[in-house]
file run_2.txt (compact mmCIF, C-alpha atoms and all ligand atoms)
# COMPACT_ATOMS: atom_id res chain seq x y z
CA MET T 111 -47.17 71.90 -21.71
CA THR T 112 -46.11 72.77 -18.14
CA SER T 113 -42.58 74.27 -18.13
CA ARG T 114 -39.60 72.60 -16.48
CA ASP T 115 -39.55 75.09 -13.58
CA GLU T 116 -43.27 74.68 -12.92
CA THR T 117 -42.94 70.90 -13.11
CA VAL T 118 -40.06 70.89 -10.63
CA GLN T 119 -42.06 73.09 -8.27
CA LEU T 120 -45.18 70.93 -8.56
CA HIS T 121 -43.07 67.82 -8.07
CA GLU T 122 -41.47 69.19 -4.92
CA THR T 123 -44.80 70.36 -3.53
CA TYR T 124 -47.14 67.53 -4.46
CA LEU T 125 -44.91 64.53 -5.17
CA SER T 126 -41.55 63.90 -3.57
CA LYS T 127 -39.57 66.55 -1.76
CA HIS T 128 -36.59 64.38 -0.98
CA LYS T 129 -35.87 62.67 -4.30
CA LEU T 130 -34.87 65.76 -6.26
CA PRO T 131 -31.62 66.62 -4.39
CA LEU T 132 -30.54 63.00 -4.88
CA PHE T 133 -31.49 62.99 -8.56
CA LYS T 134 -29.41 66.14 -9.08
CA GLN T 135 -26.25 64.35 -7.92
CA PHE T 136 -26.46 61.89 -10.80
CA GLY T 137 -27.95 64.08 -13.50
CA TRP T 138 -31.35 62.36 -13.19
CA ASP T 139 -33.31 65.58 -12.54
CA VAL T 140 -34.73 65.39 -16.04
CA VAL T 141 -38.34 66.22 -17.00
CA GLU T 142 -39.25 63.95 -19.89
CA GLY T 143 -40.68 65.59 -22.98
CA LYS T 144 -40.84 64.09 -26.46
CA ARG T 145 -39.96 60.42 -26.81
CA GLU T 146 -39.50 58.23 -29.84
CA GLY T 147 -37.65 54.98 -30.56
CA VAL T 148 -34.36 54.71 -28.65
CA PHE T 149 -34.49 58.35 -27.47
CA PHE T 150 -36.29 60.72 -25.18
CA TRP T 151 -35.78 64.47 -24.92
CA ASP T 152 -36.01 66.76 -21.89
CA LEU T 153 -38.17 69.88 -21.99
CA ASP T 154 -35.19 71.95 -23.19
CA GLY T 155 -34.73 69.64 -26.15
CA LYS T 156 -31.69 67.73 -24.88
CA ARG T 157 -31.69 64.24 -26.39
CA TYR T 158 -30.97 61.12 -24.37
CA PHE T 159 -30.26 57.58 -25.52
CA ASP T 160 -32.50 55.64 -23.14
CA CYS T 161 -30.21 52.98 -21.63
CA HIS T 162 -32.35 52.53 -18.54
CA VAL T 163 -35.56 51.75 -20.42
CA CYS T 164 -37.32 51.67 -17.06
CA GLY T 165 -35.90 48.21 -16.43
CA GLY T 166 -37.11 46.79 -19.74
CA VAL T 167 -40.40 48.66 -20.17
CA TYR T 168 -39.04 50.26 -23.37
CA ASN T 169 -37.42 47.15 -24.80
CA LEU T 170 -39.28 47.90 -28.05
CA GLY T 171 -38.34 51.56 -27.87
CA HIS T 172 -40.55 54.50 -26.97
CA ARG T 173 -43.98 54.62 -28.59
CA ASN T 174 -43.26 51.60 -30.75
CA PRO T 175 -45.57 52.09 -33.77
CA LYS T 176 -46.79 48.47 -33.77
CA VAL T 177 -47.68 48.57 -30.08
CA VAL T 178 -49.33 51.99 -30.46
CA LYS T 179 -51.38 50.70 -33.40
CA ALA T 180 -52.45 47.55 -31.53
CA VAL T 181 -53.59 49.63 -28.55
CA ARG T 182 -55.34 52.19 -30.79
CA ASP T 183 -57.17 49.38 -32.62
CA ALA T 184 -58.15 47.82 -29.30
CA LEU T 185 -59.51 51.18 -28.08
CA ASP T 186 -61.85 51.18 -31.08
CA HIS T 187 -63.46 47.93 -29.96
CA VAL T 188 -62.89 47.09 -26.29
CA ASP T 189 -62.24 48.64 -22.89
CA LEU T 190 -60.56 47.21 -19.79
CA GLY T 191 -63.00 44.32 -19.71
CA ASN T 192 -64.71 42.82 -16.67
CA HIS T 193 -62.44 40.62 -14.59
CA HIS T 194 -65.40 38.37 -13.65
CA LEU T 195 -66.21 37.54 -17.26
CA MET T 196 -64.36 35.46 -19.84
CA SER T 197 -62.36 37.41 -22.38
CA SER T 198 -61.18 36.50 -25.90
CA GLU T 199 -58.20 38.86 -25.50
CA ARG T 200 -57.07 37.40 -22.16
CA SER T 201 -57.59 33.79 -23.28
CA ARG T 202 -55.64 34.28 -26.51
CA LEU T 203 -52.79 36.05 -24.73
CA ALA T 204 -52.61 33.35 -22.01
CA LYS T 205 -52.19 30.65 -24.69
CA LYS T 206 -49.48 32.66 -26.43
CA LEU T 207 -47.68 33.30 -23.14
CA VAL T 208 -47.69 29.66 -22.07
CA GLU T 209 -46.50 28.59 -25.52
CA SER T 210 -43.74 31.21 -25.50
CA ALA T 211 -42.08 29.35 -22.60
CA GLY T 212 -41.61 26.38 -24.95
CA GLU T 213 -40.47 23.00 -23.75
CA THR T 214 -37.22 21.80 -22.17
CA SER T 215 -35.19 18.92 -23.63
CA SER T 216 -36.98 16.68 -21.12
CA GLY T 217 -40.43 17.86 -22.19
CA GLU T 218 -41.39 20.24 -19.35
CA ARG T 219 -43.88 22.98 -20.14
CA MET T 220 -45.80 25.75 -18.39
CA GLY T 221 -49.58 25.51 -18.03
CA ARG T 222 -51.64 28.52 -16.94
CA VAL T 223 -51.63 32.25 -16.41
CA VAL T 224 -52.94 34.77 -13.88
CA PHE T 225 -52.75 38.38 -15.08
CA ALA T 226 -51.79 41.36 -12.94
CA SER T 227 -51.39 45.08 -13.48
CA GLY T 228 -47.74 45.35 -12.37
CA GLY T 229 -44.66 43.29 -11.55
CA GLY T 230 -44.97 43.44 -7.76
CA GLU T 231 -48.54 42.16 -7.97
CA ALA T 232 -47.42 39.33 -10.29
CA MET T 233 -44.68 38.33 -7.82
CA ASP T 234 -47.12 38.57 -4.89
CA PHE T 235 -49.27 36.06 -6.73
CA ALA T 236 -46.26 33.82 -7.40
CA PHE T 237 -45.56 33.69 -3.64
CA LYS T 238 -49.22 33.14 -2.78
CA MET T 239 -49.40 30.31 -5.28
CA ALA T 240 -46.21 28.68 -3.97
CA LYS T 241 -47.46 28.81 -0.39
CA GLY T 242 -51.01 27.79 -1.28
CA TYR T 243 -50.03 24.88 -3.51
CA THR T 244 -47.35 23.39 -1.25
CA GLY T 245 -49.05 24.23 2.07
CA LYS T 246 -45.62 25.37 3.25
CA SER T 247 -44.58 28.77 4.51
CA THR T 248 -40.99 29.68 3.64
CA ILE T 249 -39.56 31.19 0.47
CA LEU T 250 -35.79 31.22 -0.02
CA CYS T 251 -34.68 34.30 -1.92
CA LEU T 252 -31.57 36.27 -2.72
CA GLU T 253 -30.03 38.83 -0.39
CA GLY T 254 -30.13 42.16 -2.26
CA GLY T 255 -32.65 40.89 -4.81
CA TYR T 256 -35.62 42.95 -5.97
CA HIS T 257 -39.17 41.83 -6.72
CA GLY T 258 -41.22 44.99 -6.21
CA HIS T 259 -42.62 47.13 -3.43
CA THR T 260 -46.07 45.66 -2.96
CA GLY T 261 -46.86 43.25 -0.09
CA LEU T 262 -45.15 39.88 -0.28
CA SER T 263 -42.76 40.97 -3.02
CA MET T 264 -41.32 43.55 -0.63
CA GLY T 265 -40.59 40.80 1.88
CA ALA T 266 -38.58 38.94 -0.75
CA GLY T 267 -36.38 41.96 -1.40
CA ASP T 268 -33.82 44.06 0.37
CA GLU T 269 -34.46 44.71 4.05
CA LYS T 270 -33.79 48.45 3.80
CA TYR T 271 -37.16 48.75 2.05
CA THR T 272 -39.19 46.80 4.61
CA ASP T 273 -37.36 48.28 7.64
CA ALA T 274 -38.22 51.82 6.53
CA TRP T 275 -41.94 50.98 6.69
CA ASN T 276 -41.76 48.96 9.88
CA TYR T 277 -43.22 46.01 7.94
CA LYS T 278 -41.80 42.54 7.85
CA PRO T 279 -43.70 39.92 5.87
CA GLU T 280 -42.87 36.59 7.44
CA GLY T 281 -41.50 33.53 5.72
CA PHE T 282 -38.77 35.01 3.51
CA VAL T 283 -35.29 33.63 4.16
CA LYS T 284 -32.37 35.31 2.39
CA VAL T 285 -29.39 33.50 0.94
CA SER T 286 -26.33 34.96 -0.81
CA LEU T 287 -25.28 34.44 -4.43
CA GLU T 288 -22.47 32.21 -3.18
CA ASP T 289 -25.02 30.04 -1.33
CA LEU T 290 -26.83 29.09 -4.52
CA ASP T 291 -24.50 26.16 -5.22
CA ARG T 292 -25.58 24.59 -1.92
CA ILE T 293 -29.13 25.86 -1.78
CA GLU T 294 -30.41 22.47 -0.60
CA THR T 295 -28.65 22.97 2.76
CA PHE T 296 -31.23 25.72 3.46
CA PHE T 297 -34.24 23.46 2.82
CA ASP T 298 -36.38 22.28 5.72
CA GLU T 299 -39.94 20.95 6.07
CA ASP T 300 -41.35 24.50 5.75
CA THR T 301 -39.61 25.38 2.47
CA ALA T 302 -42.19 26.13 -0.23
CA ALA T 303 -39.98 27.61 -2.94
CA VAL T 304 -36.72 29.13 -4.07
CA SER T 305 -37.30 32.47 -5.77
CA LEU T 306 -34.78 34.33 -7.93
CA GLU T 307 -34.59 36.94 -10.62
CA THR T 308 -33.21 34.79 -13.45
CA ILE T 309 -30.38 37.36 -13.59
CA PRO T 310 -30.47 39.58 -10.48
CA ALA T 311 -30.66 43.16 -11.81
CA THR T 312 -30.48 45.33 -8.70
CA LEU T 313 -27.71 43.05 -7.46
CA GLY T 314 -25.53 43.99 -10.40
CA MET T 315 -26.60 41.66 -13.22
CA ASN T 316 -24.25 38.95 -12.07
CA VAL T 317 -24.98 36.02 -14.32
CA ILE T 318 -25.90 32.84 -12.45
CA PRO T 319 -23.80 30.09 -14.09
CA ARG T 320 -25.61 27.38 -16.01
CA LYS T 321 -24.28 24.68 -13.69
CA THR T 322 -25.60 26.53 -10.61
CA MET T 323 -29.04 27.12 -12.12
CA GLN T 324 -29.33 23.50 -13.23
CA HIS T 325 -28.26 22.42 -9.74
CA ILE T 326 -30.98 24.60 -8.18
CA ARG T 327 -33.57 23.11 -10.52
CA LYS T 328 -32.42 19.54 -9.78
CA VAL T 329 -32.42 19.83 -5.98
CA THR T 330 -35.67 21.82 -5.80
CA ARG T 331 -37.35 19.05 -7.77
CA GLU T 332 -35.78 16.30 -5.65
CA HIS T 333 -37.02 17.96 -2.44
CA GLY T 334 -40.48 18.97 -3.66
CA VAL T 335 -39.55 22.66 -3.46
CA LEU T 336 -40.88 24.96 -6.19
CA LEU T 337 -38.69 27.21 -8.32
CA ILE T 338 -40.02 30.72 -8.96
CA LEU T 339 -38.22 32.89 -11.51
CA ASP T 340 -38.79 36.62 -11.78
CA GLU T 341 -38.49 37.49 -15.49
CA ILE T 342 -39.86 41.00 -15.05
CA GLN T 343 -36.62 42.60 -16.26
CA THR T 344 -34.97 39.68 -18.02
CA GLY T 345 -37.93 38.51 -20.12
CA CYS T 346 -39.62 39.49 -23.39
CA GLY T 347 -36.49 39.02 -25.54
CA ARG T 348 -34.08 41.14 -23.47
CA SER T 349 -31.65 38.24 -22.94
CA GLY T 350 -31.58 37.22 -26.60
CA ARG T 351 -34.07 34.39 -25.87
CA THR T 352 -37.77 34.96 -25.23
CA TRP T 353 -37.22 34.18 -21.52
CA ALA T 354 -33.80 34.19 -19.85
CA PHE T 355 -34.41 30.80 -18.20
CA GLN T 356 -34.35 29.27 -21.69
CA HIS T 357 -30.57 29.83 -21.70
CA TYR T 358 -30.38 27.24 -18.93
CA ASP T 359 -32.61 24.53 -20.47
CA ILE T 360 -34.74 24.53 -17.34
CA MET T 361 -38.43 25.15 -16.73
CA PRO T 362 -39.37 26.93 -13.50
CA ASP T 363 -42.61 25.98 -11.70
CA ILE T 364 -43.73 29.61 -11.70
CA PHE T 365 -42.45 32.69 -13.50
CA ALA T 366 -43.55 36.31 -13.65
CA THR T 367 -43.39 38.92 -16.38
CA GLY T 368 -44.15 42.65 -16.36
CA LYS T 369 -42.35 45.83 -17.48
CA GLY T 370 -41.54 45.12 -21.18
CA PHE T 371 -44.69 42.96 -21.43
CA SER T 372 -46.58 46.27 -21.54
CA GLY T 373 -44.79 47.41 -24.71
CA GLY T 374 -44.26 50.66 -22.77
CA ILE T 375 -47.78 51.70 -23.65
CA TYR T 376 -50.30 49.99 -21.36
CA PRO T 377 -49.54 48.32 -18.00
CA ILE T 378 -49.93 44.57 -17.80
CA ALA T 379 -48.05 41.79 -16.00
CA ALA T 380 -48.57 38.07 -15.53
CA THR T 381 -47.70 35.04 -13.44
CA VAL T 382 -47.31 31.79 -15.36
CA TYR T 383 -47.45 28.46 -13.52
CA ARG T 384 -47.53 24.74 -14.08
CA ASP T 385 -50.86 23.15 -14.84
CA GLU T 386 -51.11 21.00 -11.69
CA MET T 387 -51.06 24.09 -9.41
CA GLU T 388 -54.55 24.93 -10.63
CA GLN T 389 -55.79 22.59 -7.89
CA VAL T 390 -55.52 25.44 -5.33
CA TYR T 391 -58.74 26.80 -6.86
CA GLU T 392 -60.63 23.52 -6.52
CA GLN T 393 -62.26 24.32 -3.15
CA ASN T 394 -62.97 27.94 -4.02
CA PRO T 395 -62.37 29.26 -7.54
CA MET T 396 -62.99 32.84 -6.30
CA ILE T 397 -59.88 33.25 -4.13
CA HIS T 398 -57.92 35.63 -6.37
CA PHE T 399 -58.92 38.68 -8.40
CA SER T 400 -57.29 41.70 -9.99
CA THR T 401 -59.61 44.33 -11.47
CA PHE T 402 -57.05 45.79 -13.85
CA GLY T 403 -54.95 42.62 -14.20
CA GLY T 404 -55.01 41.48 -17.82
CA SER T 405 -57.08 44.43 -19.01
CA GLU T 406 -58.09 43.95 -22.63
CA ILE T 407 -56.19 47.06 -23.73
CA GLY T 408 -53.05 45.75 -22.01
CA CYS T 409 -53.57 42.38 -23.73
CA ALA T 410 -53.35 44.13 -27.12
CA ALA T 411 -49.99 45.65 -26.16
CA ALA T 412 -48.64 42.40 -24.70
CA GLU T 413 -49.68 40.30 -27.69
CA THR T 414 -47.58 42.57 -29.93
CA VAL T 415 -44.67 42.28 -27.48
CA LEU T 416 -44.82 38.48 -27.57
CA ASP T 417 -44.94 38.55 -31.37
CA HIS T 418 -41.57 40.34 -31.25
CA ALA T 419 -40.09 38.34 -28.39
CA THR T 420 -40.77 35.02 -30.12
CA ASP T 421 -39.66 36.15 -33.59
CA PRO T 422 -36.31 34.50 -34.55
CA ASP T 423 -35.31 37.54 -36.66
CA PHE T 424 -35.95 39.92 -33.78
CA LEU T 425 -33.95 37.70 -31.37
CA ALA T 426 -31.12 37.45 -33.95
CA HIS T 427 -30.96 41.26 -33.97
CA VAL T 428 -30.81 41.34 -30.15
CA ASN T 429 -27.91 38.87 -30.26
CA ALA T 430 -26.10 40.89 -32.95
CA LEU T 431 -26.38 44.01 -30.75
CA SER T 432 -25.16 41.95 -27.82
CA ASP T 433 -22.06 40.84 -29.77
CA PHE T 434 -21.36 44.42 -30.79
CA PHE T 435 -21.49 45.77 -27.22
CA ARG T 436 -19.51 42.83 -25.80
CA ASN T 437 -16.68 43.38 -28.27
CA ALA T 438 -16.73 47.15 -27.84
CA VAL T 439 -16.76 47.14 -24.02
CA GLU T 440 -14.16 44.36 -23.75
CA GLU T 441 -11.90 46.29 -26.07
CA LEU T 442 -12.49 49.42 -24.00
CA ALA T 443 -11.67 47.51 -20.80
CA GLU T 444 -8.29 46.54 -22.29
CA ARG T 445 -7.49 50.17 -23.09
CA SER T 446 -9.00 51.86 -20.03
CA ASN T 447 -7.98 51.64 -16.39
CA LYS T 448 -11.54 52.49 -15.36
CA VAL T 449 -13.61 49.68 -16.91
CA ALA T 450 -13.43 46.11 -15.59
CA GLY T 451 -15.71 44.50 -18.17
CA LEU T 452 -19.28 43.76 -19.22
CA ARG T 453 -21.75 41.54 -17.37
CA GLN T 454 -24.07 40.28 -20.04
CA ILE T 455 -26.59 37.83 -21.36
CA GLY T 456 -27.95 39.13 -24.64
CA MET T 457 -28.81 42.77 -24.10
CA PHE T 458 -29.28 42.33 -20.35
CA GLN T 459 -26.03 44.01 -19.51
CA ALA T 460 -24.10 46.14 -17.05
CA ILE T 461 -20.74 47.87 -17.45
CA GLU T 462 -18.55 46.97 -14.50
CA PHE T 463 -16.09 49.63 -13.30
CA VAL T 464 -12.94 49.19 -11.27
CA ASP T 465 -14.54 50.75 -8.19
CA VAL T 466 -17.79 52.32 -6.97
CA ALA T 467 -16.49 55.91 -7.06
CA THR T 468 -15.53 55.62 -10.74
CA CYS T 469 -18.89 54.04 -11.58
CA ILE T 470 -20.85 56.85 -9.90
CA SER T 471 -18.79 59.46 -11.76
CA ALA T 472 -19.23 57.63 -15.08
CA VAL T 473 -23.01 57.46 -14.60
CA ALA T 474 -23.10 61.23 -14.02
CA ARG T 475 -20.91 61.89 -17.13
CA LEU T 476 -23.04 59.52 -19.24
CA ASN T 477 -26.16 61.43 -18.26
CA GLU T 478 -24.46 64.76 -18.99
CA ASN T 479 -23.51 63.44 -22.43
CA GLY T 480 -27.05 62.30 -23.22
CA VAL T 481 -26.93 58.61 -22.21
CA PHE T 482 -29.53 57.99 -19.53
CA CYS T 483 -28.56 55.10 -17.27
CA VAL T 484 -28.37 54.18 -13.59
CA PHE T 485 -26.05 52.17 -11.36
CA SER T 486 -27.20 48.87 -9.84
CA ASN T 487 -28.33 49.99 -6.41
CA ASN T 488 -27.17 46.87 -4.60
CA ASP T 489 -23.86 46.56 -6.44
CA ARG T 490 -22.85 50.10 -7.26
CA VAL T 491 -19.67 49.15 -9.07
CA CYS T 492 -21.70 48.63 -12.23
CA ALA T 493 -23.91 50.75 -14.45
CA GLN T 494 -26.94 48.99 -15.89
CA PHE T 495 -26.68 49.37 -19.64
CA MET T 496 -29.94 48.42 -21.30
CA PRO T 497 -30.43 50.12 -24.68
CA PRO T 498 -33.75 49.43 -26.43
CA LEU T 499 -33.70 46.20 -28.44
CA ILE T 500 -34.90 47.90 -31.62
CA MET T 501 -31.69 49.97 -31.76
CA THR T 502 -30.02 50.00 -35.19
CA MET T 503 -26.32 49.16 -35.56
CA GLU T 504 -25.66 52.80 -36.55
CA GLU T 505 -27.32 53.97 -33.34
CA ALA T 506 -25.31 51.39 -31.38
CA GLU T 507 -22.07 52.81 -32.82
CA GLU T 508 -23.11 56.38 -32.02
CA LEU T 509 -24.05 55.31 -28.48
CA MET T 510 -20.76 53.50 -27.92
CA ALA T 511 -18.82 56.63 -28.94
CA LEU T 512 -20.71 58.59 -26.25
CA VAL T 513 -19.99 55.83 -23.72
CA GLU T 514 -16.25 56.02 -24.48
CA LYS T 515 -16.25 59.82 -24.24
CA SER T 516 -18.13 59.76 -20.90
CA ILE T 517 -15.85 57.14 -19.39
CA SER T 518 -12.76 59.06 -20.46
CA GLU T 519 -14.20 62.09 -18.60
CA ALA T 520 -15.05 60.11 -15.43
CA ASP T 521 -12.98 60.68 -12.31
CA ALA T 522 -13.43 58.77 -9.08
CA VAL T 523 -15.71 60.99 -6.95
CA ASP T 524 -15.41 61.48 -3.19
CA LEU T 525 -18.48 59.61 -1.93
CA THR T 526 -18.01 60.58 1.70
CA SER T 527 -19.54 63.99 0.92
CA SER T 528 -22.73 62.39 -0.43
CA GLU T 529 -25.57 62.05 2.05
CA PHE T 530 -27.07 59.23 -0.01
CA PHE T 531 -23.95 57.12 0.11
CA SER T 532 -23.19 57.89 3.74
CA THR T 533 -26.69 56.93 4.89
CA GLN T 534 -27.01 53.75 2.80
CA THR T 535 -25.40 50.51 3.69
CA GLU T 536 -22.93 49.67 0.96
CA ALA T 537 -24.41 46.40 -0.18
CA ARG T 538 -21.82 45.70 -2.82
CA ILE T 539 -21.29 42.00 -3.14
CA ARG T 540 -17.97 40.44 -3.95
CA ASN T 541 -17.65 40.25 -7.71
CA VAL T 542 -17.92 36.57 -8.37
CA ASN T 543 -17.26 37.12 -12.05
CA ARG T 544 -19.84 34.66 -13.17
CA ARG T 545 -20.40 33.49 -16.71
CA LEU T 546 -23.14 31.29 -18.12
C1 LIG H 601 -36.93 42.15 -11.15
C2 LIG H 601 -38.14 42.97 -10.78
N1 LIG H 601 -39.21 42.35 -10.25
C3 LIG H 601 -40.32 43.03 -9.91
C4 LIG H 601 -40.40 44.40 -10.08
C5 LIG H 601 -41.64 45.14 -9.67
O1 LIG H 601 -42.36 45.57 -10.76
P1 LIG H 601 -43.40 46.79 -10.61
O2 LIG H 601 -42.61 48.02 -10.32
O3 LIG H 601 -44.12 46.79 -11.92
O4 LIG H 601 -44.31 46.42 -9.46
C6 LIG H 601 -39.31 45.08 -10.62
C7 LIG H 601 -39.36 46.55 -10.79
O5 LIG H 601 -38.37 47.24 -10.91
C8 LIG H 601 -38.14 44.35 -10.97
O6 LIG H 601 -37.08 44.97 -11.48
call {"tool": "encode", "arguments": {"input": "run_2.txt", "output": "structure tokens", "more": "lines below"}}
Ligand SMILES: Cc1ncc(COP(=O)(O)O)c(C=O)c1O
result
Amino acid sequence: MTSRDETVQLHETYLSKHKLPLFKQFGWDVVEGKREGVFFWDLDGKRYFDCHVCGGVYNLGHRNPKVVKAVRDALDHVDLGNHHLMSSERSRLAKKLVESAGETSSGERMGRVVFASGGGEAMDFAFKMAKGYTGKSTILCLEGGYHGHTGLSMGAGDEKYTDAWNYKPEGFVKVSLEDLDRIETFFDEDTAAVSLETIPATLGMNVIPRKTMQHIRKVTREHGVLLILDEIQTGCGRSGRTWAFQHYDIMPDIFATGKGFSGGIYPIAATVYRDEMEQVYEQNPMIHFSTFGGSEIGCAAAETVLDHATDPDFLAHVNALSDFFRNAVEELAERSNKVAGLRQIGMFQAIEFVDVATCISAVARLNENGVFCVFSNNDRVCAQFMPPLIMTMEEAEELMALVEKSISEADAVDLTSSEFFSTQTEARIRNVNRRL
């Protein structure tokens, strides 16, 4: 294996020169070595609890044996498949995915699937579908939200990413979290859809209240506006339900999955939409392709993921972990003058600190103490805290002890000396302290 020093040198020469100094500030200058279950190790053998899980990719832990076996078995029989031909693997997975969305109390269901190779591509398709189906041009989305760095998905996200590339996809109108309760006042004859992460991750995992989400669903339907939900981080069991929108008893018109859908072993993503939207293909069924989207190896991984994410025992375990961390962090918040509380649905959670400087220091101490996590980049008062869902209760207790130790060691840092913080707009939103 290439040594750490060689890797750092190769990275600086052939990959990114500018990321490393930034990574060093937060203790993220780690070269990953061995990985297994809830842990990974750096090349010097330091062990980390993975509480970033690449935004949900490692929901089932690293190298989950069932996912590895499914992919190994698939490799014995199939390859990526040909995206022009029909596929047993893709067809079976599409059925499972549609069924996993279930049915609302008023009988609404999802209908069909288009596969992609990554989350940005799946969201691009969601936007294409919304515009194509409605014949309208505008998507309302959340200021400070994140849907990927591909084409349209970049337009739906934070402007610092599009501005840097001198690229501005048209037709994305941003609203704030506070605007969601009166989203209908932003509708006009061009509005195709409202698009949200079911729980906005980069924006600090602020939970959208049930009443607000149901209001959005009601008025979008009344005005013939589609509702797109990005479940790329929140889905696949992370929230304690298969899909986070199921907490709200609503059915979107379109939703996207990615990240954890891959089982952390083989990339795959998908856009799921209501049956009637299929009419966009009527004139020309050949208007959308993705060569690697829904590859048959990826289907094997994703089928195993859905088996977990729809298993009541697995979801009960996620909810038991969620109860444990809620109690532990709330108790810590009472004792500590650094922690404000936990933002949480299931195991989709972020520890909120009393201020940004304390949060940044805590993230650095956590990484030093072997708990890999990051702050929410558009609400830097909170650290995303996403342990793998297969974590045992014993591991959860060990992790929580490290969290307490790290927070006790955290001191508010002087951010004015950091180039990163001085050159970024502080996008922290007012903490609206939302609960389901
Ligand atoms: C909510 C959300 N949507 C979309 C994406 C984009 O996914 P990908 O990086 O696979 O394109 C991400 C990635 O971080 C995400 O967090």
call {"tool": "residues_near_ligand", "arguments": {"input": "run_2.txt", "ligand": "ligand LIG 601 (chain H)", "cutoff": "10 Å", "atoms": "all atoms listed in the file", "output": "PyMOL selection string"}}
result
chain T and resi 164-167+226-234+255-260+263-264+267+306-313+339-345+366-370+372+377-379
call {"tool": "write_last_selection", "arguments": {"input": "run_2.txt", "atoms": "C-alpha atoms", "output": "PDB file, in the coordinates of the input"}}
result
ATOM      1  CA  CYS T 164     -37.320  51.670 -17.060  1.00  0.00           C
ATOM      2  CA  GLY T 165     -35.900  48.210 -16.430  1.00  0.00           C
ATOM      3  CA  GLY T 166     -37.110  46.790 -19.740  1.00  0.00           C
ATOM      4  CA  VAL T 167     -40.400  48.660 -20.170  1.00  0.00           C
ATOM      5  CA  ALA T 226     -51.790  41.360 -12.940  1.00  0.00           C
ATOM      6  CA  SER T 227     -51.390  45.080 -13.480  1.00  0.00           C
ATOM      7  CA  GLY T 228     -47.740  45.350 -12.370  1.00  0.00           C
ATOM      8  CA  GLY T 229     -44.660  43.290 -11.550  1.00  0.00           C
ATOM      9  CA  GLY T 230     -44.970  43.440  -7.760  1.00  0.00           C
ATOM     10  CA  GLU T 231     -48.540  42.160  -7.970  1.00  0.00           C
ATOM     11  CA  ALA T 232     -47.420  39.330 -10.290  1.00  0.00           C
ATOM     12  CA  MET T 233     -44.680  38.330  -7.820  1.00  0.00           C
ATOM     13  CA  ASP T 234     -47.120  38.570  -4.890  1.00  0.00           C
ATOM     14  CA  GLY T 255     -32.650  40.890  -4.810  1.00  0.00           C
ATOM     15  CA  TYR T 256     -35.620  42.950  -5.970  1.00  0.00           C
ATOM     16  CA  HIS T 257     -39.170  41.830  -6.720  1.00  0.00           C
ATOM     17  CA  GLY T 258     -41.220  44.990  -6.210  1.00  0.00           C
ATOM     18  CA  HIS T 259     -42.620  47.130  -3.430  1.00  0.00           C
ATOM     19  CA  THR T 260     -46.070  45.660  -2.960  1.00  0.00           C
ATOM     20  CA  SER T 263     -42.760  40.970  -3.020  1.00  0.00           C
ATOM     21  CA  MET T 264     -41.320  43.550  -0.630  1.00  0.00           C
ATOM     22  CA  GLY T 267     -36.380  41.960  -1.400  1.00  0.00           C
ATOM     23  CA  LEU T 306     -34.780  34.330  -7.930  1.00  0.00           C
ATOM     24  CA  GLU T 307     -34.590  36.940 -10.620  1.00  0.00           C
ATOM     25  CA  THR T 308     -33.210  34.790 -13.450  1.00  0.00           C
ATOM     26  CA  ILE T 309     -30.380  37.360 -13.590  1.00  0.00           C
ATOM     27  CA  PRO T 310     -30.470  39.580 -10.480  1.00  0.00           C
ATOM     28  CA  ALA T 311     -30.660  43.160 -11.810  1.00  0.00           C
ATOM     29  CA  THR T 312     -30.480  45.330  -8.700  1.00  0.00           C
ATOM     30  CA  LEU T 313     -27.710  43.050  -7.460  1.00  0.00           C
ATOM     31  CA  LEU T 339     -38.220  32.890 -11.510  1.00  0.00           C
ATOM     32  CA  ASP T 340     -38.790  36.620 -11.780  1.00  0.00           C
ATOM     33  CA  GLU T 341     -38.490  37.490 -15.490  1.00  0.00           C
ATOM     34  CA  ILE T 342     -39.860  41.000 -15.050  1.00  0.00           C
ATOM     35  CA  GLN T 343     -36.620  42.600 -16.260  1.00  0.00           C
ATOM     36  CA  THR T 344     -34.970  39.680 -18.020  1.00  0.00           C
ATOM     37  CA  GLY T 345     -37.930  38.510 -20.120  1.00  0.00           C
ATOM     38  CA  ALA T 366     -43.550  36.310 -13.650  1.00  0.00           C
ATOM     39  CA  THR T 367     -43.390  38.920 -16.380  1.00  0.00           C
ATOM     40  CA  GLY T 368     -44.150  42.650 -16.360  1.00  0.00           C
ATOM     41  CA  LYS T 369     -42.350  45.830 -17.480  1.00  0.00           C
ATOM     42  CA  GLY T 370     -41.540  45.120 -21.180  1.00  0.00           C
ATOM     43  CA  SER T 372     -46.580  46.270 -21.540  1.00  0.00           C
ATOM     44  CA  PRO T 377     -49.540  48.320 -18.000  1.00  0.00           C
ATOM     45  CA  ILE T 378     -49.930  44.570 -17.800  1.00  0.00           C
ATOM     46  CA  ALA T 379     -48.050  41.790 -16.000  1.00  0.00           C
TER      47      ALA T 379
END
call {"tool": "closest_residue", "arguments": {"input": "run_2.txt", "among": "T:Arg173, T:Leu431, T:His194, T:Ser471", "to": "Pro395 in chain T", "atoms": "only C-alpha atoms"}}
result
T:His194
call {"tool": "residues_around", "arguments": {"input": "run_2.txt", "residues": "Val283 in chain T", "least_positions_apart": "4", "cutoff": "12 Å", "atoms": "all atoms listed in the file", "output": "list in words"}}
result
Ser247, Thr248, Ile249, Leu250, Cys251, Leu252, Glu253, Gly254, Gly255, Gly265, Ala266, Gly267, Asp268, Glu269, Lys278, Pro279, Ile293, Phe296, Phe297, Asp298, Asp300, Thr301, Ala302, Ala303, Val304 and Ser305 of chain T
